[in-house]
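Note: the block below is query_16.txt and it holds compact mmCIF, N, CA and C atoms.
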# COMPACT_ATOMS: atom_id res chain seq x y z
N MET A 1 -16.30 -36.30 19.94
CA MET A 1 -15.40 -36.97 19.01
C MET A 1 -15.86 -36.74 17.56
N LYS A 2 -17.18 -36.84 17.33
CA LYS A 2 -17.70 -36.65 15.99
C LYS A 2 -17.46 -35.22 15.51
N LYS A 3 -17.60 -34.27 16.42
CA LYS A 3 -17.39 -32.86 16.05
C LYS A 3 -15.93 -32.62 15.67
N THR A 4 -15.02 -33.26 16.38
CA THR A 4 -13.60 -33.11 16.10
C THR A 4 -13.26 -33.69 14.74
N CYS A 5 -13.81 -34.86 14.43
CA CYS A 5 -13.57 -35.48 13.13
C CYS A 5 -14.14 -34.63 12.00
N LEU A 6 -15.33 -34.09 12.23
CA LEU A 6 -15.96 -33.25 11.23
C LEU A 6 -15.14 -31.98 11.00
N LEU A 7 -14.67 -31.40 12.08
CA LEU A 7 -13.84 -30.20 11.97
C LEU A 7 -12.55 -30.49 11.21
N LEU A 8 -11.91 -31.60 11.51
CA LEU A 8 -10.68 -31.97 10.80
C LEU A 8 -10.93 -32.22 9.32
N LEU A 9 -12.07 -32.82 9.00
CA LEU A 9 -12.43 -33.06 7.61
C LEU A 9 -12.64 -31.74 6.87
N VAL A 10 -13.35 -30.82 7.49
CA VAL A 10 -13.59 -29.51 6.88
C VAL A 10 -12.28 -28.77 6.67
N LEU A 11 -11.41 -28.79 7.67
CA LEU A 11 -10.12 -28.12 7.54
C LEU A 11 -9.26 -28.74 6.44
N ALA A 12 -9.31 -30.04 6.33
CA ALA A 12 -8.53 -30.72 5.28
C ALA A 12 -9.05 -30.35 3.90
N LEU A 13 -10.37 -30.28 3.75
CA LEU A 13 -10.94 -29.94 2.45
C LEU A 13 -10.66 -28.49 2.06
N THR A 14 -10.72 -27.58 3.02
CA THR A 14 -10.44 -26.19 2.70
C THR A 14 -8.95 -25.99 2.41
N ALA A 15 -8.11 -26.79 3.01
CA ALA A 15 -6.67 -26.68 2.74
C ALA A 15 -6.33 -27.18 1.34
N CYS A 16 -7.17 -28.04 0.79
CA CYS A 16 -6.92 -28.59 -0.54
C CYS A 16 -7.39 -27.67 -1.66
N GLU A 17 -8.15 -26.63 -1.33
CA GLU A 17 -8.64 -25.73 -2.37
C GLU A 17 -7.48 -24.98 -3.02
N LYS A 18 -7.65 -24.73 -4.29
CA LYS A 18 -6.65 -23.95 -5.02
C LYS A 18 -6.76 -22.50 -4.58
N PRO A 19 -5.66 -21.87 -4.20
CA PRO A 19 -5.75 -20.48 -3.75
C PRO A 19 -6.14 -19.56 -4.91
N ALA A 20 -6.86 -18.52 -4.58
CA ALA A 20 -7.28 -17.55 -5.60
C ALA A 20 -6.06 -16.79 -6.11
N PRO A 21 -6.00 -16.54 -7.42
CA PRO A 21 -4.86 -15.79 -7.94
C PRO A 21 -4.86 -14.37 -7.41
N THR A 22 -3.69 -13.86 -7.20
CA THR A 22 -3.56 -12.50 -6.67
C THR A 22 -3.00 -11.59 -7.75
N ASP A 23 -3.68 -11.55 -8.87
CA ASP A 23 -3.25 -10.69 -9.97
C ASP A 23 -3.67 -9.26 -9.67
N THR A 24 -2.67 -8.40 -9.56
CA THR A 24 -2.93 -6.98 -9.38
C THR A 24 -2.54 -6.26 -10.66
N VAL A 25 -2.89 -5.00 -10.74
CA VAL A 25 -2.52 -4.22 -11.92
C VAL A 25 -1.00 -4.22 -12.08
N GLU A 26 -0.30 -4.02 -10.97
CA GLU A 26 1.17 -3.95 -11.03
C GLU A 26 1.77 -5.28 -11.47
N SER A 27 1.23 -6.39 -10.96
CA SER A 27 1.78 -7.69 -11.34
C SER A 27 1.49 -8.00 -12.80
N LEU A 28 0.33 -7.57 -13.30
CA LEU A 28 0.00 -7.79 -14.71
C LEU A 28 0.85 -6.90 -15.62
N VAL A 29 1.16 -5.68 -15.19
CA VAL A 29 2.04 -4.80 -15.98
C VAL A 29 3.42 -5.42 -16.08
N ALA A 30 3.89 -6.02 -14.99
CA ALA A 30 5.22 -6.61 -14.96
C ALA A 30 5.31 -7.94 -15.70
N ASN A 31 4.18 -8.62 -15.90
CA ASN A 31 4.17 -9.93 -16.53
C ASN A 31 3.24 -9.93 -17.74
N PRO A 32 3.75 -9.55 -18.93
CA PRO A 32 2.88 -9.43 -20.11
C PRO A 32 2.26 -10.75 -20.55
N GLU A 33 2.92 -11.88 -20.31
CA GLU A 33 2.34 -13.16 -20.70
C GLU A 33 1.10 -13.47 -19.86
N ARG A 34 1.18 -13.19 -18.56
CA ARG A 34 0.01 -13.40 -17.70
C ARG A 34 -1.11 -12.43 -18.08
N LEU A 35 -0.73 -11.20 -18.44
CA LEU A 35 -1.72 -10.20 -18.87
C LEU A 35 -2.48 -10.69 -20.09
N LYS A 36 -1.77 -11.24 -21.07
CA LYS A 36 -2.42 -11.77 -22.27
C LYS A 36 -3.37 -12.91 -21.92
N GLU A 37 -2.95 -13.77 -21.00
CA GLU A 37 -3.77 -14.90 -20.59
C GLU A 37 -5.05 -14.42 -19.90
N VAL A 38 -4.92 -13.46 -18.99
CA VAL A 38 -6.08 -12.93 -18.29
C VAL A 38 -7.03 -12.24 -19.27
N GLU A 39 -6.49 -11.47 -20.21
CA GLU A 39 -7.34 -10.81 -21.20
C GLU A 39 -8.09 -11.84 -22.05
N ARG A 40 -7.43 -12.92 -22.42
CA ARG A 40 -8.08 -13.97 -23.21
C ARG A 40 -9.21 -14.61 -22.41
N LEU A 41 -8.93 -14.92 -21.14
CA LEU A 41 -9.95 -15.52 -20.29
C LEU A 41 -11.13 -14.58 -20.07
N CYS A 42 -10.86 -13.29 -19.96
CA CYS A 42 -11.95 -12.32 -19.79
C CYS A 42 -12.80 -12.23 -21.05
N ARG A 43 -12.17 -12.32 -22.22
CA ARG A 43 -12.94 -12.29 -23.47
C ARG A 43 -13.82 -13.52 -23.58
N GLU A 44 -13.30 -14.67 -23.18
CA GLU A 44 -14.04 -15.92 -23.31
C GLU A 44 -15.18 -16.05 -22.30
N ASP A 45 -14.94 -15.68 -21.05
CA ASP A 45 -15.98 -15.83 -20.03
C ASP A 45 -15.79 -14.76 -18.95
N HIS A 46 -16.30 -13.58 -19.24
CA HIS A 46 -16.14 -12.44 -18.34
C HIS A 46 -16.81 -12.70 -16.98
N ALA A 47 -17.97 -13.34 -17.00
CA ALA A 47 -18.69 -13.60 -15.75
C ALA A 47 -17.89 -14.50 -14.81
N LYS A 48 -17.22 -15.49 -15.38
CA LYS A 48 -16.43 -16.41 -14.55
C LYS A 48 -15.20 -15.71 -13.98
N MET A 49 -14.56 -14.87 -14.75
CA MET A 49 -13.35 -14.19 -14.29
C MET A 49 -13.67 -13.08 -13.30
N GLY A 50 -14.77 -12.41 -13.49
CA GLY A 50 -15.17 -11.35 -12.57
C GLY A 50 -14.73 -9.98 -13.02
N ASP A 51 -15.49 -8.98 -12.60
CA ASP A 51 -15.21 -7.60 -12.99
C ASP A 51 -13.87 -7.11 -12.46
N ALA A 52 -13.54 -7.46 -11.24
CA ALA A 52 -12.32 -6.93 -10.62
C ALA A 52 -11.08 -7.33 -11.41
N LEU A 53 -10.97 -8.60 -11.76
CA LEU A 53 -9.79 -9.07 -12.48
C LEU A 53 -9.76 -8.53 -13.91
N CYS A 54 -10.91 -8.49 -14.57
CA CYS A 54 -10.95 -7.98 -15.94
C CYS A 54 -10.65 -6.48 -15.98
N ASN A 55 -11.13 -5.74 -14.99
CA ASN A 55 -10.82 -4.32 -14.91
C ASN A 55 -9.33 -4.10 -14.62
N ALA A 56 -8.75 -4.95 -13.79
CA ALA A 56 -7.31 -4.86 -13.50
C ALA A 56 -6.51 -5.12 -14.77
N ALA A 57 -6.94 -6.09 -15.57
CA ALA A 57 -6.25 -6.39 -16.83
C ALA A 57 -6.36 -5.21 -17.79
N SER A 58 -7.53 -4.60 -17.83
CA SER A 58 -7.73 -3.44 -18.70
C SER A 58 -6.83 -2.28 -18.29
N GLU A 59 -6.76 -2.03 -17.00
CA GLU A 59 -5.90 -0.94 -16.50
C GLU A 59 -4.42 -1.26 -16.74
N ALA A 60 -4.05 -2.52 -16.58
CA ALA A 60 -2.66 -2.92 -16.83
C ALA A 60 -2.30 -2.72 -18.30
N ARG A 61 -3.21 -3.06 -19.22
CA ARG A 61 -2.96 -2.86 -20.65
C ARG A 61 -2.80 -1.37 -20.95
N ARG A 62 -3.66 -0.55 -20.32
CA ARG A 62 -3.58 0.90 -20.53
C ARG A 62 -2.24 1.43 -20.03
N ARG A 63 -1.80 0.98 -18.87
CA ARG A 63 -0.52 1.45 -18.33
C ARG A 63 0.66 0.99 -19.17
N ARG A 64 0.59 -0.24 -19.71
CA ARG A 64 1.69 -0.71 -20.56
C ARG A 64 1.75 0.10 -21.85
N PHE A 65 0.59 0.48 -22.38
CA PHE A 65 0.54 1.21 -23.64
C PHE A 65 0.83 2.69 -23.45
N MET A 66 0.20 3.30 -22.44
CA MET A 66 0.31 4.75 -22.25
C MET A 66 1.42 5.15 -21.27
N GLY A 67 1.94 4.23 -20.51
CA GLY A 67 2.92 4.58 -19.50
C GLY A 67 2.25 5.11 -18.25
N ASP A 68 2.98 5.84 -17.45
CA ASP A 68 2.43 6.33 -16.19
C ASP A 68 1.64 7.61 -16.35
N GLY A 69 1.54 8.11 -17.57
CA GLY A 69 0.76 9.31 -17.83
C GLY A 69 1.55 10.59 -17.74
N LYS A 70 2.82 10.49 -17.38
CA LYS A 70 3.66 11.68 -17.28
C LYS A 70 4.55 11.75 -18.51
N SER A 71 4.54 12.86 -19.15
CA SER A 71 5.32 13.03 -20.36
C SER A 71 6.34 14.13 -20.16
N LYS A 72 7.50 13.96 -20.75
CA LYS A 72 8.50 15.02 -20.63
C LYS A 72 8.12 16.21 -21.51
N TYR A 73 7.12 16.02 -22.37
CA TYR A 73 6.69 17.10 -23.26
C TYR A 73 5.52 17.90 -22.72
N THR A 74 5.00 17.49 -21.57
CA THR A 74 3.90 18.24 -20.96
C THR A 74 4.45 19.56 -20.45
N PRO A 75 3.82 20.67 -20.85
CA PRO A 75 4.33 21.97 -20.40
C PRO A 75 4.21 22.11 -18.88
N GLN A 76 5.23 22.65 -18.29
CA GLN A 76 5.25 22.89 -16.86
C GLN A 76 4.61 24.24 -16.58
N PRO A 77 3.97 24.39 -15.43
CA PRO A 77 3.38 25.68 -15.11
C PRO A 77 4.47 26.74 -14.94
N ALA A 78 4.12 27.96 -15.35
CA ALA A 78 5.09 29.06 -15.26
C ALA A 78 5.36 29.39 -13.80
N PRO A 79 6.61 29.72 -13.49
CA PRO A 79 6.92 30.07 -12.10
C PRO A 79 6.21 31.36 -11.70
N LYS A 80 5.78 31.42 -10.44
CA LYS A 80 5.10 32.61 -9.95
C LYS A 80 6.13 33.61 -9.47
N ASN A 81 5.92 34.84 -9.84
CA ASN A 81 6.85 35.91 -9.42
C ASN A 81 6.29 36.71 -8.30

Could you take the file, read its structure, and then write that structure out as structure tokens?
Amino acid sequence: MKKTCLLLLVLALTACEKPAPTDTVESLVANPERLKEVERLCREDHAKMGDALCNAASEARRRRFMGDGKSKYTPQPAPKN
């Protein structure tokens, strides 16, 4: 009986935890306000935010600024004859 109560208590406490944010590069590119917030938090406390999230924010900023890296002005390779 004690084990069951303890198990239920542990399950209840873990269910109350705030879920971890699932910010991906794509979601940050699509949501510039969230991107700004994550960048601000990374500047203030990089250790708390973690390398993965701060690196994702950096990559999202690069993609928003530079695009997908494909330019219509990039010369195409010459056709082989």

**Asked** If you count only N, CA and C atoms, which residues fall within 6.5 Å of segment 26-41 of chain A, apart from same-chain ones fewer than 5 positions away, as a PyMOL selection string?
**Response** chain A and resi 46+49+57+60-61+64

Please give the centre and size of the box around segment 48-57 of chain A (axis-aligned, containing every atom listed in the file, 5 Å added per side), with values in Å to one decimal and written as JSON.
{"center_x": -11.7, "center_y": -10.3, "center_z": -14.2, "size_x": 21.0, "size_y": 22.3, "size_z": 17.2}

**Top pick for closest residue to Thr24 of chain A, considering A:Ala47, A:Leu53, A:Met1, A:Met66 and counting only N, CA and C atoms** =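 Nearest to Thr24 of chain A: A:Leu53.
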
**Request:** Between atom CA of Gly67 of chain A and atom N of Ala52 of chain A, measure the distance and give it in Å to one decimal.
**Result:**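 A separation of 22.0 Å between them.
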
**Request:** Mind giving me the straight-line distance from atom CA of Leu7 of chain A to atom N of Asp23 of chain A in Å, one decimal?
**Result:**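 A separation of 29.8 Å between them.
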
**Message:** For a test of reading the model, state the distance in Å between atom C of Asn55 of chain A and atom CA of Thr22 of chain A, rounded to one decimal.
**Reply:**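 Taking atom C of Asn55 of chain A and atom CA of Thr22 of chain A, their separation equals 12.9 Å.
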